[in-house]
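Coordinates from data_25.tsv are shown below (TSV, C-alpha atoms and all ligand atoms).
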```tsv
chain	number	residue	atom	x	y	z
A	1	MET	CA	-3.83	23.27	-20.35
A	2	LYS	CA	-1.02	24.59	-18.17
A	3	ILE	CA	-0.33	23.53	-14.58
A	4	THR	CA	-0.44	26.80	-12.62
A	5	GLY	CA	0.16	25.66	-9.05
A	6	MET	CA	0.58	22.85	-6.56
A	7	LYS	CA	-0.74	22.68	-3.00
A	8	ILE	CA	0.52	20.09	-0.53
A	9	HIS	CA	-1.74	19.08	2.34
A	10	VAL	CA	-0.49	16.92	5.20
A	11	VAL	CA	-3.28	15.76	7.48
A	12	MET	CA	-3.33	13.49	10.48
A	13	VAL	CA	-6.73	12.06	11.38
A	14	GLN	CA	-5.21	9.05	13.12
A	15	THR	CA	-2.41	9.31	15.67
A	16	ASN	CA	1.03	8.88	14.11
A	17	ARG	CA	-0.33	8.29	10.61
A	18	GLU	CA	-0.07	11.19	8.16
A	19	TRP	CA	-1.63	11.40	4.73
A	20	ILE	CA	0.09	13.55	2.07
A	21	PHE	CA	-2.27	14.94	-0.55
A	22	VAL	CA	-1.24	17.01	-3.59
A	23	GLU	CA	-3.57	19.33	-5.48
A	24	LEU	CA	-2.61	20.54	-8.95
A	25	MET	CA	-4.29	23.64	-10.36
A	26	THR	CA	-4.60	24.51	-14.07
A	27	ASP	CA	-5.23	27.64	-16.13
A	28	GLU	CA	-8.56	26.15	-17.23
A	29	GLY	CA	-9.87	26.07	-13.68
A	30	LEU	CA	-9.66	22.29	-13.27
A	31	THR	CA	-7.87	20.82	-10.28
A	32	GLY	CA	-6.70	17.28	-9.63
A	33	VAL	CA	-5.77	15.46	-6.42
A	34	GLY	CA	-3.04	12.90	-5.80
A	35	GLU	CA	-1.43	11.21	-2.80
A	36	CYS	CA	1.98	9.82	-1.86
A	37	SER	CA	1.53	9.02	1.83
A	38	ASP	CA	4.04	6.67	3.42
A	39	TYR	CA	4.74	5.56	6.96
A	40	ALA	CA	8.04	7.16	7.79
A	41	SER	CA	8.92	9.73	5.19
A	42	THR	CA	6.50	12.64	5.41
A	43	ALA	CA	9.10	15.40	5.85
A	44	HIS	CA	11.28	13.97	3.08
A	45	LEU	CA	8.38	13.56	0.67
A	46	VAL	CA	7.00	17.06	1.32
A	47	SER	CA	10.50	18.52	0.80
A	48	GLY	CA	10.76	16.62	-2.49
A	49	LEU	CA	7.37	17.82	-3.66
A	50	GLU	CA	8.30	21.42	-2.80
A	51	ALA	CA	11.53	21.01	-4.77
A	52	ILE	CA	9.83	19.77	-7.93
A	53	LYS	CA	7.01	22.32	-7.79
A	54	PRO	CA	8.87	24.91	-9.94
A	55	PHE	CA	9.41	22.27	-12.64
A	56	ILE	CA	5.79	21.11	-12.62
A	57	VAL	CA	4.29	24.57	-12.88
A	58	GLY	CA	4.05	25.50	-16.55
A	59	MET	CA	3.94	21.91	-17.84
A	60	ASP	CA	0.99	20.80	-19.95
A	61	ALA	CA	-1.44	18.94	-17.67
A	62	ARG	CA	-2.72	16.91	-20.63
A	63	ASN	CA	0.66	15.28	-21.27
A	64	ILE	CA	0.74	12.80	-18.40
A	65	GLU	CA	3.35	10.50	-19.94
A	66	ASP	CA	5.64	13.39	-20.82
A	67	VAL	CA	5.52	14.69	-17.24
A	68	TRP	CA	6.17	11.15	-15.92
A	69	GLN	CA	9.18	10.61	-18.16
A	70	LYS	CA	10.69	14.05	-17.46
A	71	LEU	CA	10.46	13.59	-13.69
A	72	PHE	CA	11.71	9.99	-13.73
A	73	HIS	CA	14.70	10.59	-15.98
A	74	GLY	CA	15.34	14.11	-14.64
A	75	TYR	CA	16.02	12.65	-11.19
A	76	SER	CA	17.85	9.52	-12.34
A	77	ASP	CA	20.81	10.42	-10.15
A	78	LEU	CA	18.57	9.80	-7.14
A	79	ASN	CA	17.48	6.46	-8.67
A	80	GLY	CA	13.94	6.94	-9.93
A	81	ARG	CA	12.75	3.87	-8.05
A	82	GLY	CA	11.60	4.55	-4.50
A	83	TYR	CA	11.79	8.13	-3.31
A	84	VAL	CA	11.38	9.72	-6.73
A	85	SER	CA	8.64	7.30	-7.75
A	86	HIS	CA	6.68	8.34	-4.64
A	87	LEU	CA	6.83	11.98	-5.79
A	88	ILE	CA	5.88	11.03	-9.35
A	89	SER	CA	2.92	9.04	-8.02
A	90	ALA	CA	1.26	12.06	-6.40
A	91	ILE	CA	1.66	14.16	-9.57
A	92	ASP	CA	0.58	11.35	-11.91
A	93	ILE	CA	-2.59	10.53	-9.95
A	94	ALA	CA	-3.56	14.23	-9.89
A	95	LEU	CA	-3.01	14.52	-13.66
A	96	TRP	CA	-5.24	11.50	-14.36
A	97	ASP	CA	-7.89	13.11	-12.13
A	98	ILE	CA	-7.64	16.31	-14.20
A	99	LYS	CA	-7.85	14.40	-17.48
A	100	GLY	CA	-10.95	12.55	-16.35
A	101	LYS	CA	-12.59	15.82	-15.30
A	102	ALA	CA	-11.60	17.51	-18.57
A	103	LEU	CA	-13.24	14.71	-20.57
A	104	GLY	CA	-16.15	14.21	-18.15
A	105	VAL	CA	-15.48	10.51	-17.47
A	106	PRO	CA	-14.11	8.36	-14.62
A	107	VAL	CA	-10.44	7.44	-14.98
A	108	TYR	CA	-11.39	3.77	-15.50
A	109	GLN	CA	-13.07	4.80	-18.77
A	110	LEU	CA	-9.76	6.30	-19.92
A	111	LEU	CA	-8.03	2.97	-19.15
A	112	GLY	CA	-10.27	1.02	-21.51
A	113	GLY	CA	-13.51	0.87	-19.56
A	114	PRO	CA	-14.73	-1.43	-16.81
A	115	VAL	CA	-14.19	-5.18	-16.83
A	116	ARG	CA	-16.17	-5.57	-13.57
A	117	ASP	CA	-19.01	-3.84	-11.71
A	118	SER	CA	-17.19	-3.46	-8.42
A	119	VAL	CA	-13.72	-3.89	-6.95
A	120	PRO	CA	-13.36	-6.77	-4.44
A	121	LEU	CA	-11.40	-5.85	-1.32
A	122	TYR	CA	-9.31	-7.60	1.22
A	123	SER	CA	-8.92	-5.98	4.60
A	124	HIS	CA	-6.91	-6.59	7.74
A	125	ILE	CA	-7.70	-8.42	10.92
A	126	PRO	CA	-7.95	-5.33	13.13
A	127	GLY	CA	-5.88	-4.89	16.20
A	128	ARG	CA	-2.31	-5.60	17.15
A	129	LEU	CA	-1.92	-9.33	17.15
A	130	SER	CA	1.15	-11.40	17.70
A	131	ALA	CA	1.60	-15.08	18.31
A	132	ARG	CA	4.91	-14.01	19.85
A	133	SER	CA	2.97	-12.52	22.73
A	134	LYS	CA	3.12	-14.50	25.92
A	135	LYS	CA	-0.68	-14.51	25.99
A	136	LEU	CA	-1.40	-16.67	22.95
A	137	ASP	CA	-4.92	-17.64	24.08
A	138	GLN	CA	-5.84	-13.97	24.40
A	139	GLN	CA	-4.36	-13.24	20.98
A	140	ILE	CA	-6.31	-16.08	19.41
A	141	ARG	CA	-9.56	-14.84	20.97
A	142	ALA	CA	-8.93	-11.31	19.67
A	143	ALA	CA	-8.02	-12.54	16.17
A	144	THR	CA	-10.98	-14.87	15.80
A	145	THR	CA	-13.43	-12.25	17.11
A	146	ALA	CA	-12.05	-9.62	14.72
A	147	ALA	CA	-12.19	-12.03	11.78
A	148	ARG	CA	-15.78	-12.97	12.61
A	149	ASN	CA	-16.74	-9.27	12.78
A	150	ALA	CA	-15.10	-8.48	9.44
A	151	LYS	CA	-16.84	-11.45	7.85
A	152	SER	CA	-20.17	-10.18	9.17
A	153	LEU	CA	-19.50	-6.84	7.39
A	154	GLY	CA	-19.27	-8.73	4.10
A	155	PHE	CA	-15.52	-9.19	3.76
A	156	GLN	CA	-14.40	-12.48	2.25
A	157	ALA	CA	-10.64	-11.99	2.56
A	158	LEU	CA	-8.41	-10.80	5.42
A	159	LYS	CA	-4.69	-10.38	6.00
A	160	THR	CA	-2.61	-10.27	9.15
A	161	ASP	CA	0.97	-10.58	10.41
A	162	PRO	CA	0.99	-13.22	13.16
A	163	PHE	CA	4.73	-12.81	13.73
A	164	SER	CA	4.80	-9.18	14.70
A	165	ARG	CA	7.48	-8.40	17.22
A	166	GLN	CA	6.36	-4.76	17.38
A	167	TRP	CA	2.88	-5.68	18.56
A	168	SER	CA	4.19	-8.14	21.11
A	169	GLY	CA	6.19	-5.38	22.75
A	170	GLU	CA	9.62	-6.78	21.89
A	171	GLU	CA	12.03	-4.32	20.37
A	172	PRO	CA	14.41	-5.49	17.65
A	173	GLN	CA	17.99	-4.45	18.24
A	174	GLY	CA	20.21	-3.08	15.51
A	175	GLY	CA	21.92	-6.37	14.84
A	176	GLU	CA	18.72	-8.33	14.37
A	177	MET	CA	16.61	-6.16	12.10
A	178	VAL	CA	16.55	-9.21	9.81
A	179	GLU	CA	14.74	-11.43	12.22
A	180	ARG	CA	15.13	-15.05	13.19
A	181	LEU	CA	11.98	-16.95	14.17
A	182	SER	CA	12.37	-19.65	16.76
A	183	PRO	CA	10.58	-23.00	16.22
A	184	GLY	CA	8.27	-22.07	19.11
A	185	GLU	CA	7.34	-18.72	17.56
A	186	ILE	CA	6.57	-20.40	14.25
A	187	ALA	CA	4.39	-23.01	15.96
A	188	MET	CA	2.44	-20.28	17.80
A	189	ALA	CA	1.89	-18.28	14.61
A	190	ALA	CA	0.61	-21.40	12.84
A	191	GLU	CA	-1.70	-22.13	15.78
A	192	LEU	CA	-3.10	-18.59	15.66
A	193	MET	CA	-3.70	-18.75	11.91
A	194	MET	CA	-5.29	-22.20	12.14
A	195	ALA	CA	-7.67	-20.89	14.81
A	196	VAL	CA	-8.68	-18.06	12.44
A	197	ARG	CA	-9.13	-20.58	9.61
A	198	GLU	CA	-11.45	-22.70	11.76
A	199	THR	CA	-13.45	-19.59	12.67
A	200	VAL	CA	-14.00	-18.25	9.15
A	201	GLY	CA	-14.37	-21.58	7.36
A	202	PRO	CA	-12.66	-23.16	4.36
A	203	GLU	CA	-14.03	-20.80	1.68
A	204	PHE	CA	-12.81	-17.59	3.33
A	205	GLU	CA	-9.53	-16.20	1.95
A	206	LEU	CA	-6.65	-15.63	4.40
A	207	LEU	CA	-3.34	-13.91	3.70
A	208	VAL	CA	-0.23	-13.56	5.86
A	209	ASP	CA	2.24	-10.68	5.69
A	210	ALA	CA	5.84	-11.19	6.85
A	211	HIS	CA	6.79	-7.53	6.15
A	212	ALA	CA	10.12	-8.51	4.51
A	213	ARG	CA	11.71	-9.26	7.89
A	214	PHE	CA	12.98	-12.84	8.09
A	215	ASP	CA	16.18	-14.65	7.31
A	216	VAL	CA	15.83	-17.38	4.71
A	217	ALA	CA	15.75	-20.33	7.11
A	218	SER	CA	13.05	-18.68	9.26
A	219	ALA	CA	10.99	-17.77	6.20
A	220	ILE	CA	11.09	-21.31	4.82
A	221	ARG	CA	10.16	-22.90	8.15
A	222	ALA	CA	7.34	-20.39	8.68
A	223	ALA	CA	6.01	-20.94	5.15
A	224	ARG	CA	5.97	-24.72	5.60
A	225	ALA	CA	4.25	-24.41	8.99
A	226	LEU	CA	1.55	-22.21	7.44
A	227	GLU	CA	0.89	-24.51	4.46
A	228	PRO	CA	-2.01	-26.37	6.21
A	229	VAL	CA	-3.84	-23.02	6.74
A	230	ASN	CA	-4.42	-22.88	2.97
A	231	LEU	CA	-3.41	-19.22	2.54
A	232	VAL	CA	-3.92	-17.15	-0.59
A	233	TRP	CA	-0.36	-15.92	-0.16
A	234	LEU	CA	2.59	-15.39	2.14
A	235	GLU	CA	3.74	-11.81	1.58
A	236	GLU	CA	7.34	-10.60	1.49
A	237	PRO	CA	8.86	-13.54	3.39
A	238	VAL	CA	12.41	-12.15	3.17
A	239	PRO	CA	14.03	-8.70	2.76
A	240	VAL	CA	13.58	-7.44	-0.79
A	241	GLU	CA	17.21	-6.61	-1.50
A	242	SER	CA	18.01	-10.13	-2.70
A	243	LEU	CA	16.04	-12.06	-5.29
A	244	ASN	CA	18.31	-15.02	-4.45
A	245	ALA	CA	16.71	-15.16	-1.01
A	246	LEU	CA	13.21	-15.01	-2.49
A	247	ARG	CA	14.16	-17.75	-4.96
A	248	GLU	CA	15.36	-19.99	-2.13
A	249	VAL	CA	12.04	-19.59	-0.29
A	250	ARG	CA	10.17	-20.18	-3.53
A	251	GLU	CA	12.01	-23.46	-4.13
A	252	ASN	CA	11.33	-24.75	-0.63
A	253	THR	CA	7.61	-24.26	-0.03
A	254	SER	CA	4.35	-24.87	-1.85
A	255	ILE	CA	2.77	-21.74	-0.35
A	256	PRO	CA	1.90	-19.05	-2.96
A	257	LEU	CA	4.05	-15.92	-2.59
A	258	CYS	CA	3.44	-12.21	-3.12
A	259	VAL	CA	5.80	-9.22	-3.24
A	260	GLY	CA	5.51	-5.67	-4.49
A	261	GLU	CA	5.03	-2.92	-1.92
A	262	ARG	CA	8.82	-2.54	-1.68
A	263	HIS	CA	9.37	-2.84	-5.44
A	264	PHE	CA	9.08	0.31	-7.51
A	265	THR	CA	8.40	0.80	-11.23
A	266	ARG	CA	8.24	-1.80	-14.01
A	267	TRP	CA	12.00	-2.43	-13.93
A	268	ASP	CA	11.97	-3.87	-10.41
A	269	TYR	CA	9.57	-6.57	-11.63
A	270	VAL	CA	11.41	-7.80	-14.71
A	271	ASP	CA	13.38	-10.61	-13.04
A	272	ILE	CA	10.56	-11.46	-10.64
A	273	PHE	CA	8.27	-12.12	-13.59
A	274	ARG	CA	10.86	-13.78	-15.81
A	275	GLU	CA	11.77	-16.27	-13.08
A	276	ARG	CA	8.15	-16.48	-11.87
A	277	LEU	CA	9.26	-16.00	-8.27
A	278	VAL	CA	5.76	-15.09	-7.03
A	279	ASP	CA	2.10	-15.80	-7.78
A	280	TYR	CA	0.79	-12.31	-6.96
A	281	VAL	CA	2.25	-8.79	-7.15
A	282	MET	CA	1.16	-5.88	-4.99
A	283	PRO	CA	2.65	-2.57	-6.18
A	284	ASP	CA	1.47	0.54	-4.34
A	285	ILE	CA	-0.07	3.16	-6.59
A	286	ALA	CA	1.24	6.00	-4.39
A	287	TRP	CA	4.80	4.66	-4.32
A	288	THR	CA	5.52	2.95	-7.63
A	289	GLY	CA	4.75	5.79	-10.05
A	290	GLY	CA	1.02	6.40	-9.95
A	291	ILE	CA	-1.78	5.24	-12.19
A	292	SER	CA	0.49	5.23	-15.27
A	293	GLU	CA	3.07	2.89	-13.77
A	294	ILE	CA	0.84	0.53	-11.81
A	295	ARG	CA	-1.17	-0.01	-14.97
A	296	ARG	CA	2.01	-1.04	-16.79
A	297	ILE	CA	3.04	-3.43	-14.00
A	298	ALA	CA	-0.44	-5.01	-14.08
A	299	SER	CA	-0.04	-5.64	-17.81
A	300	GLN	CA	3.44	-7.11	-17.29
A	301	ALA	CA	1.95	-9.47	-14.69
A	302	GLU	CA	-0.89	-10.44	-17.02
A	303	ALA	CA	1.64	-11.63	-19.60
A	304	TYR	CA	2.94	-14.13	-17.03
A	305	PHE	CA	-0.56	-15.11	-15.79
A	306	ILE	CA	0.25	-13.56	-12.41
A	307	ARG	CA	-2.45	-11.79	-10.39
A	308	PHE	CA	-2.28	-8.11	-9.52
A	309	SER	CA	-3.45	-6.83	-6.13
A	310	PRO	CA	-2.55	-3.22	-5.27
A	311	HIS	CA	-1.04	-2.58	-1.84
A	312	ASP	CA	-2.80	0.09	0.20
A	313	ALA	CA	-2.82	0.70	3.91
A	314	LEU	CA	-2.91	4.50	4.01
A	315	GLY	CA	-5.13	7.31	2.70
A	316	PRO	CA	-8.35	7.59	0.70
A	317	VAL	CA	-7.07	9.23	-2.50
A	318	MET	CA	-4.64	6.41	-3.22
A	319	LEU	CA	-7.38	3.89	-2.53
A	320	MET	CA	-9.69	5.56	-5.06
A	321	ALA	CA	-6.86	5.82	-7.59
A	322	GLY	CA	-6.26	2.09	-7.16
A	323	VAL	CA	-9.96	1.36	-7.56
A	324	GLN	CA	-9.98	3.23	-10.89
A	325	VAL	CA	-7.18	0.99	-12.19
A	326	ASP	CA	-8.73	-2.17	-10.70
A	327	MET	CA	-11.98	-1.51	-12.57
A	328	ALA	CA	-10.18	-1.78	-15.91
A	329	THR	CA	-7.62	-4.49	-15.06
A	330	PRO	CA	-8.49	-8.08	-16.04
A	331	ASN	CA	-5.91	-9.88	-13.84
A	332	LEU	CA	-6.99	-8.24	-10.56
A	333	TYR	CA	-7.12	-10.40	-7.43
A	334	ARG	CA	-8.35	-7.86	-4.87
A	335	GLN	CA	-7.65	-4.29	-3.77
A	336	GLU	CA	-6.08	-4.00	-0.30
A	337	CYS	CA	-7.76	-1.71	2.21
A	338	VAL	CA	-8.03	-1.20	5.96
A	339	HIS	CA	-11.78	-0.97	6.48
A	340	GLU	CA	-11.28	0.43	9.98
A	341	PHE	CA	-10.02	3.62	8.28
A	342	PHE	CA	-13.16	4.22	6.22
A	343	ASP	CA	-14.87	6.46	8.81
A	344	ASP	CA	-11.72	8.58	8.92
A	345	TYR	CA	-11.61	8.78	5.11
A	346	ALA	CA	-15.10	10.32	5.21
A	347	ARG	CA	-13.67	13.22	7.24
A	348	VAL	CA	-11.32	14.41	4.49
A	349	ILE	CA	-12.94	13.42	1.15
A	350	THR	CA	-16.29	14.11	-0.44
A	351	PRO	CA	-18.39	12.32	-1.42
A	352	MET	CA	-17.47	9.20	0.55
A	353	PHE	CA	-17.23	6.25	-1.81
A	354	ASP	CA	-19.80	3.48	-1.78
A	355	TRP	CA	-18.67	0.21	-0.21
A	356	HIS	CA	-20.61	-2.85	0.82
A	357	ASP	CA	-20.41	-6.64	0.48
A	358	GLY	CA	-16.61	-6.50	0.73
A	359	ALA	CA	-16.25	-4.35	-2.38
A	360	VAL	CA	-16.04	-0.71	-3.56
A	361	TRP	CA	-18.70	0.29	-6.04
A	362	PRO	CA	-17.29	3.18	-8.11
A	363	SER	CA	-19.49	6.01	-9.32
A	364	GLU	CA	-19.77	7.61	-12.74
A	365	ARG	CA	-18.26	10.84	-11.39
A	366	PRO	CA	-15.38	12.13	-13.52
A	367	GLY	CA	-11.73	11.66	-12.58
A	368	LEU	CA	-11.13	9.79	-9.34
A	369	GLY	CA	-14.74	10.38	-8.32
A	370	ILE	CA	-13.86	12.15	-5.07
A	371	GLU	CA	-12.62	15.58	-3.93
A	372	LEU	CA	-10.79	16.73	-0.83
A	373	ASN	CA	-13.16	18.15	1.75
A	374	PRO	CA	-11.68	21.62	2.58
A	375	GLU	CA	-13.09	21.76	6.13
A	376	GLY	CA	-11.72	18.31	6.93
A	377	ILE	CA	-8.32	19.14	5.46
A	378	GLU	CA	-8.05	22.31	7.58
A	379	LYS	CA	-9.30	20.59	10.71
A	380	TYR	CA	-6.71	17.80	10.53
A	381	ARG	CA	-3.80	19.68	8.92
A	382	VAL	CA	-0.40	19.15	10.59
A	383	ASP	CA	3.07	20.60	10.11
A	384	PRO	CA	5.07	17.99	8.17
A	385	PHE	CA	8.30	19.33	9.65
A	386	ASP	CA	7.18	18.92	13.22
A	387	ARG	CA	9.73	16.47	14.58
A	388	ARG	CA	6.96	14.35	16.07
A	389	ILE	CA	5.68	13.67	12.53
A	390	GLY	CA	7.13	11.18	10.08
A	391	ARG	CA	9.39	9.22	12.38
A	392	PRO	CA	10.86	5.99	11.01
A	393	PHE	CA	8.22	3.28	11.21
A	394	GLN	CA	8.72	0.47	13.72
A	395	PHE	CA	12.01	1.82	15.08
A	396	PRO	CA	11.83	1.96	18.86
A	397	SER	CA	12.37	5.52	19.99
A	398	ARG	CA	14.97	4.70	22.62
A	399	THR	CA	17.40	3.27	20.06
A	400	VAL	CA	17.06	6.14	17.57
A	401	PRO	CA	18.66	9.51	18.38
A	402	THR	CA	16.31	12.50	18.39
A	403	VAL	CA	16.25	14.06	14.94
A	404	LYS	CA	15.42	17.70	14.35
A	405	TRP	CA	13.37	17.95	11.20
A	406	GLY	CA	13.44	21.13	9.12
A	407	LYS	CA	12.06	24.08	11.00
A	408	SER	CA	11.25	22.38	14.31
A	501	MG	MG	2.79	-5.80	3.41
```

Can you turn what I pasted into structure tokens?
Ligand SMILES: [Mg+2]
Amino acid sequence: MKITGMKIHVVMVQTNREWIFVELMTDEGLTGVGECSDYASTAHLVSGLEAIKPFIVGMDARNIEDVWQKLFHGYSDLNGRGYVSHLISAIDIALWDIKGKALGVPVYQLLGGPVRDSVPLYSHIPGRLSARSKKLDQQIRAATTAARNAKSLGFQALKTDPFSRQWSGEEPQGGEMVERLSPGEIAMAAELMMAVRETVGPEFELLVDAHARFDVASAIRAARALEPVNLVWLEEPVPVESLNALREVRENTSIPLCVGERHFTRWDYVDIFRERLVDYVMPDIAWTGGISEIRRIASQAEAYFIRFSPHDALGPVMLMAGVQVDMATPNLYRQECVHEFFDDYARVITPMFDWHDGAVWPSERPGLGIELNPEGIEKYRVDPFDRRIGRPFQFPSRTVPTVKWGKS
């Protein structure tokens, strides 16, 4: 079964958030869909996909591992981890979709069959919250109301970042992109999280994301201040470039830790697992190398009795790819999602997946179980090289020079 073509669709249903979908066509009439959406890199990723298209066309769609290995090692001079693994992810997910359709089964059947009936989710406390805001009372009211609403929809786990400088309107300057938290900011964040804890009750699961931003001293003090909230995890407390920094946080708090969305492929996890630096890992299926690679990382984690919990805060195809893996993965904690996006997902995929009681309930449809909706794709299609698209995430516009992308 030869790959005969690749279509790239960039759509924007939500302002400033693009989704990159890839469709692979075959000479047997089957097509598969993948995704490699990211926050800041749309033009780069679309350029990369265009560049590898001539190499993909003509390959055997049945040989998923062979395609994976050829792309990964073929671009080793770019370092296969990160940019290249994003590109591989879109291709790999589409090939698994094709294989499922060719054999008439959901992808989770190809991964060994289901070990659960549904995939438990965790979502986000909606809105832009920050204990750094001057109006802490207002922030606490918004957070507790949002948490109560999510709980009423059936969610039993929620994540938020109570330290966000972006949401509070402060702009980090170039010299302080690795942020220091003042004792007052830490106290306010702990107060906000404790208010949420009191609202949702002791059984509800709460997670905090630090987005890999803090210096070691700030991360340790924040972790200790959050210990009474009884979190599931503190996520990415320090920048990911140094495992020494992560180790120092690990040795100085009892709070469970999670990393993964900024780690790519199985090799980035070797030392993390060997030293048991975290309790959970959260690789992103659209960034780390697709279904093939996230499955391998989940197995690595299982060997260390570490839970697996795929990162996902973007489009619907990557969510459904993650759900397929989650169905067949014994050491799953939960699948990340942003439930506020679900109505927008229904605009670009068909059929919309079934979700209720804080979980996704996969169908018996072959492959990923969903297709792109052509009318929705055309309605929301954007030019990935428009310079208003794919700007670096979180960088304030006034400190970044205007960049002319591609053909803008
Ligand atoms: Mg995160």

Can you check which parts of chain A lie within 7 Å of ligand MG 501 (chain A)? Per residue, the shortest pair of atoms and distance in Å to one decimal, counting all atoms listed in the file, sorted by chain and number, as a Markdown table.
```
| residue | atom | partner | partner_atom | distance |
| --- | --- | --- | --- | --- |
| A:Asp209 | CA | A:MG501 | MG | 5.4 |
| A:His211 | CA | A:MG501 | MG | 5.1 |
| A:Glu235 | CA | A:MG501 | MG | 6.4 |
| A:Glu236 | CA | A:MG501 | MG | 6.9 |
| A:Glu261 | CA | A:MG501 | MG | 6.5 |
```

(message) Here is a test: counting all atoms listed in the file, which residue of A:Gly58, A:Pro316, A:Ser118, A:Leu226 is nearest to Asp343 in chain A?
(response) A:Pro316

(message) Between A:Pro237, A:Pro362, A:Pro183, A:Gly289, which residue has the minimum interatomic distance to Gly80 in chain A, considering only C-alpha atoms?
(response)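 Of all the options, A:Gly289 lies closest to Gly80 in chain A.
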
(message) Using only C-alpha atoms for the distances, tell me which of A:Lys379, A:Lys135, A:Lys159, A:Arg224 is nearest to Ala187 in chain A.
(response) A:Arg224

(message) Ranking A:Ala94, A:Val338, A:Leu257, A:Leu234 by minimum distance to Ala150 in chain A and counting all atoms listed in the file, which one comes first?
(response)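 Closest candidate: A:Val338.
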
(message) If I take CA of Ser152 in chain A and CA of Asp354 in chain A, how far is one from the other in Å, to one decimal?
(response)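 Computed distance, CA of Ser152 in chain A to CA of Asp354 in chain A, equals 17.5 Å.
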